[in-house]
Each structure stands twice: as structure tokens, then as C-alpha cells.
$ cat model.txt   # compact mmCIF, C-alpha atoms and all ligand atoms
# COMPACT_ATOMS: atom_id res chain seq x y z
CA MET A 14 74.78 78.69 79.86
CA GLU A 15 75.53 74.97 79.37
CA LYS A 16 73.28 72.35 77.79
CA GLY A 17 72.64 69.64 80.37
CA LYS A 18 70.86 66.28 80.46
CA LEU A 19 68.09 65.47 77.96
CA LEU A 20 64.83 65.72 79.91
CA TYR A 21 62.28 64.94 77.24
CA GLU A 22 62.05 64.27 73.54
CA GLY A 23 58.78 65.36 72.00
CA LYS A 24 57.46 65.06 68.46
CA ALA A 25 59.25 68.16 67.18
CA LYS A 26 61.53 69.29 70.01
CA LYS A 27 64.12 68.05 72.49
CA ILE A 28 64.22 69.61 75.95
CA PHE A 29 67.43 69.76 77.98
CA GLU A 30 68.26 70.88 81.50
CA THR A 31 70.66 73.75 82.13
CA GLU A 32 72.72 74.50 85.23
CA ASP A 33 69.86 76.84 86.26
CA SER A 34 66.90 74.68 87.28
CA SER A 35 64.47 77.41 86.23
CA VAL A 36 65.76 77.52 82.65
CA LEU A 37 65.38 74.91 79.89
CA TRP A 38 67.24 74.52 76.62
CA ILE A 39 64.98 73.67 73.68
CA GLU A 40 66.16 72.20 70.40
CA TYR A 41 63.76 72.30 67.45
CA LEU A 42 64.04 69.11 65.38
CA ASP A 43 63.90 68.43 61.65
CA GLN A 44 60.93 66.22 62.25
CA ALA A 45 57.26 66.29 61.26
CA THR A 46 54.55 64.06 62.68
CA ALA A 47 50.85 63.60 62.08
CA LEU A 48 48.12 61.35 63.45
CA ASN A 49 49.48 61.64 66.99
CA GLY A 50 52.92 60.45 65.93
CA ALA A 51 51.76 57.49 63.82
CA ARG A 52 53.20 59.22 60.74
CA LYS A 53 56.70 60.61 61.12
CA ASP A 54 59.20 62.07 58.63
CA GLU A 55 62.51 63.84 58.69
CA ILE A 56 62.13 67.27 57.08
CA GLN A 57 65.48 69.01 56.55
CA GLY A 58 65.40 72.64 57.61
CA LYS A 59 62.10 72.54 59.51
CA GLY A 60 63.65 72.85 62.98
CA LEU A 61 65.51 75.99 62.01
CA LEU A 62 62.40 77.60 60.52
CA ASN A 63 60.13 76.81 63.48
CA ASN A 64 62.75 78.06 65.93
CA GLN A 65 63.05 81.35 64.02
CA ILE A 66 59.28 81.76 63.58
CA SER A 67 58.39 80.84 67.15
CA SER A 68 61.12 83.09 68.60
CA PHE A 69 59.94 85.95 66.39
CA ILE A 70 56.31 85.51 67.45
CA PHE A 71 57.09 85.25 71.18
CA LYS A 72 59.16 88.45 70.89
CA GLN A 73 56.34 90.24 69.09
CA LEU A 74 53.82 89.03 71.67
CA LYS A 75 56.03 90.37 74.45
CA ALA A 76 56.13 93.74 72.71
CA MET A 77 52.33 93.57 72.58
CA GLY A 78 52.15 92.88 76.33
CA VAL A 79 51.85 89.07 76.38
CA GLU A 80 54.47 87.31 78.51
CA SER A 81 55.59 83.78 77.63
CA HIS A 82 58.24 81.30 78.71
CA PHE A 83 60.55 82.49 75.90
CA ILE A 84 63.89 83.96 77.02
CA LYS A 85 66.04 84.07 73.88
CA LYS A 86 67.10 82.32 70.72
CA ILE A 87 70.62 80.97 71.18
CA SER A 88 71.29 79.30 67.83
CA LYS A 89 69.55 78.58 64.55
CA THR A 90 67.68 75.65 66.07
CA GLU A 91 67.81 76.37 69.81
CA GLN A 92 66.26 78.68 72.38
CA LEU A 93 66.26 79.16 76.14
CA VAL A 94 62.93 79.23 77.95
CA ASN A 95 61.74 79.50 81.52
CA SER A 96 60.81 76.14 82.96
CA LEU A 97 57.05 75.80 83.49
CA GLN A 98 54.96 73.16 85.19
CA ILE A 99 52.84 72.29 82.17
CA VAL A 100 49.05 72.42 82.40
CA PRO A 101 48.07 69.34 80.34
CA LEU A 102 45.74 71.21 78.00
CA GLU A 103 45.81 72.09 74.34
CA VAL A 104 43.95 75.36 74.01
CA VAL A 105 42.60 75.88 70.50
CA ILE A 106 41.11 79.09 69.14
CA ARG A 107 39.24 79.19 65.85
CA ASN A 108 38.41 82.19 63.69
CA VAL A 109 37.59 80.31 60.48
CA ALA A 110 36.14 76.79 60.20
CA ALA A 111 38.71 74.12 59.27
CA GLY A 112 40.21 70.84 60.41
CA SER A 113 38.50 68.84 63.14
CA PHE A 114 35.89 71.59 63.70
CA SER A 115 34.65 71.36 60.12
CA LYS A 116 34.66 67.59 60.25
CA ARG A 117 32.96 67.18 63.63
CA LEU A 118 30.24 69.79 63.08
CA ASP A 119 29.94 69.49 59.30
CA VAL A 120 30.78 73.14 58.69
CA LYS A 121 32.30 74.00 55.31
CA GLU A 122 36.05 74.75 55.52
CA GLY A 123 36.61 78.48 55.15
CA THR A 124 33.34 79.53 56.81
CA LEU A 125 34.05 82.68 58.77
CA ILE A 126 33.29 82.42 62.49
CA ASP A 127 32.33 85.88 63.73
CA PHE A 128 33.62 85.36 67.26
CA PRO A 129 36.62 83.35 68.45
CA ILE A 130 35.66 79.80 69.41
CA LEU A 131 37.72 78.43 72.28
CA GLU A 132 38.24 74.69 72.69
CA PHE A 133 40.12 72.58 75.22
CA TYR A 134 41.74 69.23 74.61
CA TYR A 135 43.20 67.08 77.38
CA LYS A 136 46.89 66.59 76.50
CA GLU A 137 47.15 62.84 76.96
CA ASP A 138 48.61 60.77 74.08
CA ARG A 139 47.18 57.55 75.57
CA LEU A 140 43.65 58.95 75.05
CA ASP A 141 44.42 60.73 71.75
CA ASP A 142 44.01 64.19 73.33
CA PRO A 143 40.21 64.17 73.84
CA PHE A 144 38.00 67.25 73.53
CA ILE A 145 36.96 68.30 77.05
CA ASN A 146 35.03 71.08 78.77
CA GLU A 147 35.64 73.09 81.93
CA ASP A 148 33.77 70.62 84.15
CA HIS A 149 36.05 67.83 82.91
CA MET A 150 39.04 70.05 83.62
CA LYS A 151 37.81 70.66 87.15
CA PHE A 152 37.03 66.99 87.73
CA LEU A 153 40.47 65.91 86.47
CA GLU A 154 42.06 68.74 88.52
CA LEU A 155 43.99 69.97 85.48
CA ALA A 156 43.76 73.59 86.62
CA THR A 157 41.98 75.71 89.22
CA GLU A 158 39.01 77.89 88.30
CA ASP A 159 41.17 81.01 88.51
CA GLU A 160 43.80 79.42 86.28
CA ILE A 161 41.16 78.45 83.72
CA LYS A 162 39.88 82.03 83.77
CA GLU A 163 43.41 83.34 83.20
CA ILE A 164 44.10 80.81 80.42
CA LYS A 165 40.92 81.84 78.59
CA LYS A 166 41.71 85.53 79.01
CA VAL A 167 45.29 85.21 77.74
CA ALA A 168 44.27 82.89 74.88
CA LEU A 169 41.84 85.52 73.58
CA ILE A 170 44.48 88.26 73.88
CA VAL A 171 46.98 86.07 72.00
CA ASN A 172 44.34 85.54 69.31
CA GLU A 173 43.82 89.29 68.86
CA ALA A 174 47.57 89.92 68.79
CA LEU A 175 48.25 87.12 66.28
CA ILE A 176 45.34 88.12 64.01
CA GLU A 177 46.84 91.62 63.83
CA LEU A 178 50.39 90.36 63.31
CA PHE A 179 49.45 87.99 60.47
CA LYS A 180 47.00 90.40 58.86
CA ALA A 181 49.89 92.82 58.35
CA ILE A 182 51.62 90.19 56.17
CA ASP A 183 48.50 89.12 54.25
CA ILE A 184 47.91 85.95 56.23
CA THR A 185 44.58 84.87 57.73
CA LEU A 186 44.88 83.26 61.15
CA VAL A 187 42.38 80.42 60.74
CA ASP A 188 43.04 78.65 64.04
CA PHE A 189 45.88 77.76 66.39
CA LYS A 190 46.83 75.76 69.47
CA ILE A 191 48.68 77.08 72.48
CA GLU A 192 49.78 75.61 75.79
CA PHE A 193 50.25 77.10 79.22
CA GLY A 194 52.18 76.31 82.38
CA ARG A 195 52.83 77.54 85.89
CA TYR A 196 55.93 79.68 86.38
CA ILE A 197 57.91 79.42 89.66
CA ASP A 198 56.02 82.43 91.02
CA GLY A 199 52.70 80.65 90.42
CA ARG A 200 51.69 82.78 87.45
CA ILE A 201 50.17 81.14 84.39
CA LEU A 202 52.45 81.73 81.39
CA LEU A 203 52.18 80.93 77.71
CA GLY A 204 54.55 78.05 76.82
CA ASP A 205 55.45 75.60 74.07
CA GLU A 206 55.72 77.12 70.55
CA ILE A 207 53.73 79.16 68.07
CA SER A 208 54.63 78.18 64.52
CA PRO A 209 53.11 76.86 61.29
CA ASP A 210 53.09 73.47 63.08
CA THR A 211 50.57 74.81 65.58
CA CYS A 212 48.62 77.38 63.55
CA ARG A 213 46.51 77.24 60.40
CA LEU A 214 47.71 80.12 58.27
CA TRP A 215 46.09 80.90 54.92
CA ASP A 216 47.38 83.37 52.38
CA SER A 217 44.68 86.01 52.56
CA LYS A 218 44.49 86.48 48.79
CA THR A 219 44.60 82.86 47.59
CA ASN A 220 43.61 80.94 50.75
CA GLN A 221 46.64 78.71 50.12
CA SER A 222 47.80 76.85 53.25
CA LEU A 223 51.07 78.14 54.69
CA ASP A 224 51.23 75.61 57.53
CA LYS A 225 51.42 71.96 58.55
CA ASP A 226 48.31 71.07 56.50
CA ILE A 227 50.81 70.90 53.60
CA TYR A 228 52.28 67.85 55.34
CA ARG A 229 49.02 66.47 56.78
CA LYS A 230 47.32 66.56 53.37
CA ASN A 231 50.44 65.78 51.26
CA LEU A 232 50.14 69.07 49.38
CA GLY A 233 53.84 69.53 48.63
CA ASP A 234 56.97 70.96 50.22
CA MET A 235 56.34 72.24 53.75
CA VAL A 236 59.79 73.84 54.10
CA SER A 237 59.17 76.33 51.30
CA VAL A 238 55.85 77.49 52.80
CA TYR A 239 57.34 77.76 56.33
CA GLN A 240 60.15 79.81 54.74
CA GLU A 241 57.50 82.01 53.12
CA VAL A 242 55.92 82.66 56.54
CA LEU A 243 59.32 83.56 58.04
CA ASP A 244 60.20 85.83 55.10
CA ARG A 245 56.92 87.69 55.47
CA LEU A 246 57.32 88.03 59.26
CA GLU A 247 60.83 89.39 58.79
CA GLN A 248 59.46 92.07 56.47
CA LEU A 249 57.74 93.50 59.55
CA GLU A 250 61.14 94.35 61.01
CA LYS A 251 62.23 96.33 57.94
O1 LIG A 301 42.99 69.45 64.08
P1 LIG A 301 42.30 70.66 64.60
O2 LIG A 301 41.41 71.32 63.57
O3 LIG A 301 41.55 70.41 65.88
O4 LIG A 301 43.46 71.70 64.95
C1 LIG A 301 43.20 73.00 65.37
C2 LIG A 301 44.50 73.80 65.45
O5 LIG A 301 45.31 73.31 66.50
C3 LIG A 301 45.35 73.70 64.17
O6 LIG A 301 45.98 74.95 63.95
C4 LIG A 301 46.41 72.66 64.51
O7 LIG A 301 47.61 72.90 63.83
C5 LIG A 301 46.58 72.87 66.02
N1 LIG A 301 46.91 71.62 66.73
C6 LIG A 301 48.19 71.44 67.24
N2 LIG A 301 48.50 70.31 67.92
C7 LIG A 301 47.59 69.34 68.12
C8 LIG A 301 46.28 69.50 67.61
C9 LIG A 301 45.97 70.66 66.92
O8 LIG A 301 49.04 72.33 67.11
N3 LIG A 301 47.93 68.25 68.79
$ encode --input "model.txt" --output "C-alpha cells"
Amino acid sequence: MEKGKLLYEGKAKKIFETEDSSVLWIEYLDQATALNGARKDEIQGKGLLNNQISSFIFKQLKAMGVESHFIKKISKTEQLVNSLQIVPLEVVIRNVAAGSFSKRLDVKEGTLIDFPILEFYYKEDRLDDPFINEDHMKFLELATEDEIKEIKKVALIVNEALIELFKAIDITLVDFKIEFGRYIDGRILLGDEISPDTCRLWDSKTNQSLDKDIYRKNLGDMVSVYQEVLDRLEQLEK
């Protein structure tokens, strides 16, 4: 398969066409951003790690019965995915209070939530990705009722699968963000990436952050903690 024209450059990935209009070529970049892109840094080695981690997780999810857009990893920093018509939603699931949830509701970081809390954000940079509910989604025609039902169902299954996966390597899945899109056959499929950029991962013994909070809060070297996540995931294959 050949890499074609650049279609889109996001905050951490470039997306290229291929000769097959249903397949996209994704390149993970050595780039980290925060505050909706207002802060941006080059981080050597990050693209490679997120590509490996995200590919690994999508493969594991498939083995656990969750389909995604992922086709295969084709190089250290690149993968092929099925092209989806993106549903402009960021779907967040929380198992432990942290981040914007703790701030907005004044709940102490680390408070266990005894059921998964599902949140929707409208993916629109111009509006800073506002928090929305299902009525807003319907009004804005972001997805049909059936699609919303499917998105919620799959998001909860992904949560269960990821909790189990990370628990096996002594990591607590605090929260994460996923995105969905419509496949050519109309089905809703999991898209984008699942990596320490999009999940809060805490070492289950020390509660140390093994994710992008290292960058957001200037806590040190993000590459070494992303490497730690990959090393632990790879232990699962041994
Ligand atoms: O910031 P907040 O607490 O709402 O983030 C919840 C989860 O969603 C975190 O794991 C964060 O990494 C992820 N997230 C993301 N992309 C965004 C916003 C949040 O991956 N634009």
C-alpha cells in the first residue's frame, strides 16, 4: 500500500490517503500539546511509543471482541486504519475522580467512583470542546439515537476490557477518552487512538501518573513513563 496525499494534520498525528479510499495511513508524531494546542512541544520518541501502545491495545480489544478502525501497524510510527466518518464527540469514561471532573465538581482526586461515569464533549476546537448531554447531541444532529445507544454500549465494554488489561500490569485505569465513527457499512466503530495521551493511568501501588499528566503538570520525562506502560503491556505477551 502507498502513502498518498496528506489529508489532515492533528495535534499528535498526520493522516494520509492511500490508493484504497476506505483505508487511511496514520503517522504518530513526536509532538505533545496541552490546553487545546496552546502549549506545544516536540517530544522525541513519543510518536513511536503511542503507535506501539495504541496498536497493542486495539489488537487486545479485538481479541476481547471489540472491533475498531485499526488494521495493522506498518512501521514504528505508522499504522493503517479503516476510514471512518467521524462522530464529533469525545466520549470520556471515569472510574476514579481526577482532572476536569475533580475540578468541576470539587471531588478529591483519587476518589473511587463505584460505577463508570460517562461524559460527552462536543469535538469542536472553536468552542473548546464543551461538555454536552444527549439532548444537545440530538439537537446538533451529531448522532442518531441508535448510534448514541451503540456508542454508550461499546464505551462501557471498552472500559471493562481496559480495566482488566491494565489491572493485569498493576495499572489503575482512572479515566480515558475515545472517539467513534461510521464505517462504510454504516456500523459505529471505535476510532482514533488509545494511549497514555488519552488515558489516565496510575501505577496501582504508588498512584504515580503513567500518562500525559506528566506533561500537563510538568512532572518530568513523559517518554520514560510511556515506555514503562509499553514495557508492562509487552509483558502480557510473554
Ligand atoms: O481533562 P479531563 O479530566 O476531562 O480528561 C478526561 C480523560 O480524557 C483523560 O484521560 C484525558 O487524557 C482524556 N482527554 C483526551 N483528549 C481531550 C480531553 C480529555 O484524551 N481532548
$ axis_aligned_box --input "model.txt" --around "ligand LIG 301 (chain A)" --padding-each-side "8 Å" --output "lines of an AutoDock Vina configuration file"
center_x = 45.2
center_y = 71.6
center_z = 66.2
size_x = 23.6
size_y = 22.7
size_z = 21.2
$ closest_atom_pairs --input "model.txt" --of "chain A" --to "ligand LIG 301 (chain A)" --cutoff "7 Å" --atoms "all atoms listed in the file" --output "tab-separated table"
residue	atom	partner	partner_atom	distance
A:Val105	CA	A:LIG301	O5	5.5
A:Ala111	CA	A:LIG301	O2	5.8
A:Gly112	CA	A:LIG301	O2	3.4
A:Ser113	CA	A:LIG301	O2	3.8
A:Phe114	CA	A:LIG301	O2	5.5
A:Asp188	CA	A:LIG301	O6	4.7
A:Phe189	CA	A:LIG301	O6	3.7
A:Lys190	CA	A:LIG301	O5	4.1
A:Asp210	CA	A:LIG301	O7	5.6
A:Thr211	CA	A:LIG301	O8	3.3
A:Cys212	CA	A:LIG301	O6	3.6
A:Arg213	CA	A:LIG301	O6	4.3
A:Lys225	CA	A:LIG301	O7	6.6
$ closest_residue --input "model.txt" --among "A:Val104, A:Leu131, A:Val109, A:Ile87" --to "Gln65 in chain A" --atoms "only C-alpha atoms"
A:Ile87
$ residues_around --input "model.txt" --residues "range 226-233 of chain A" --least-positions-apart "3" --cutoff "8 Å" --atoms "all atoms listed in the file" --output "PyMOL selection string"
chain A and resi 45+47+213+222-223
$ closest_atom_pairs --input "model.txt" --of "range 75-168 of chain A" --to "range 16-40 of chain A" --cutoff "8 Å" --atoms "all atoms listed in the file" --output "CSV"
residue,atom,partner,partner_atom,distance
A:Thr90,CA,A:Glu40,CA,5.7
A:Glu91,CA,A:Glu40,CA,4.5
A:Gln92,CA,A:Ile39,CA,5.3
A:Leu93,CA,A:Trp38,CA,4.8
A:Val94,CA,A:Leu37,CA,5.3
A:Asn95,CA,A:Val36,CA,4.6
A:Ser96,CA,A:Ser35,CA,5.1
$ closest_residue --input "model.txt" --among "A:Met14, A:Leu178, A:Ile207, A:Val120" --to "Leu246 in chain A" --atoms "only C-alpha atoms"
A:Leu178
$ residues_around --input "model.txt" --residues "Leu74 in chain A" --least-positions-apart "6" --cutoff "9 Å" --atoms "all atoms listed in the file" --output "list in words"
Glu80, Ser81, Val171, Ala174 and Leu175 of chain A
$ build_atoms --input "model.txt" --residues "range 199-216 of chain A" --atoms "N, CA and C atoms" --output "compact mmCIF listing (two decimals), keeping the file's coordinate frame"
# COMPACT_ATOMS: atom_id res chain seq x y z
N GLY A 199 54.10 81.04 90.37
CA GLY A 199 52.70 80.65 90.42
C GLY A 199 51.87 81.20 89.27
N ARG A 200 52.43 82.19 88.56
CA ARG A 200 51.69 82.78 87.45
C ARG A 200 51.52 81.79 86.31
N ILE A 201 50.39 81.93 85.61
CA ILE A 201 50.17 81.14 84.39
C ILE A 201 50.87 81.85 83.24
N LEU A 202 51.75 81.12 82.53
CA LEU A 202 52.45 81.73 81.39
C LEU A 202 52.25 80.89 80.14
N LEU A 203 52.24 81.58 79.00
CA LEU A 203 52.18 80.93 77.71
C LEU A 203 53.47 80.13 77.49
N GLY A 204 53.35 78.88 77.00
CA GLY A 204 54.55 78.05 76.82
C GLY A 204 54.65 77.48 75.42
N ASP A 205 55.33 76.36 75.31
CA ASP A 205 55.45 75.60 74.07
C ASP A 205 55.93 76.46 72.90
N GLU A 206 55.28 76.37 71.74
CA GLU A 206 55.72 77.12 70.55
C GLU A 206 54.52 77.68 69.82
N ILE A 207 54.76 78.67 68.99
CA ILE A 207 53.73 79.16 68.07
C ILE A 207 54.40 79.21 66.70
N SER A 208 53.95 78.35 65.80
CA SER A 208 54.63 78.18 64.52
C SER A 208 53.63 77.63 63.51
N PRO A 209 54.04 77.46 62.25
CA PRO A 209 53.11 76.86 61.29
C PRO A 209 52.76 75.39 61.62
N ASP A 210 53.48 74.81 62.59
CA ASP A 210 53.09 73.47 63.08
C ASP A 210 51.84 73.56 63.95
N THR A 211 51.63 74.70 64.57
CA THR A 211 50.57 74.81 65.58
C THR A 211 49.47 75.81 65.20
N CYS A 212 49.63 76.41 64.02
CA CYS A 212 48.62 77.38 63.55
C CYS A 212 48.16 76.97 62.16
N ARG A 213 46.90 77.30 61.82
CA ARG A 213 46.51 77.24 60.40
C ARG A 213 46.61 78.66 59.87
N LEU A 214 47.45 78.81 58.85
CA LEU A 214 47.71 80.12 58.27
C LEU A 214 47.38 80.05 56.79
N TRP A 215 46.46 80.91 56.35
CA TRP A 215 46.09 80.90 54.92
C TRP A 215 46.50 82.23 54.30
N ASP A 216 47.10 82.14 53.11
CA ASP A 216 47.38 83.37 52.38
C ASP A 216 46.06 84.10 52.18
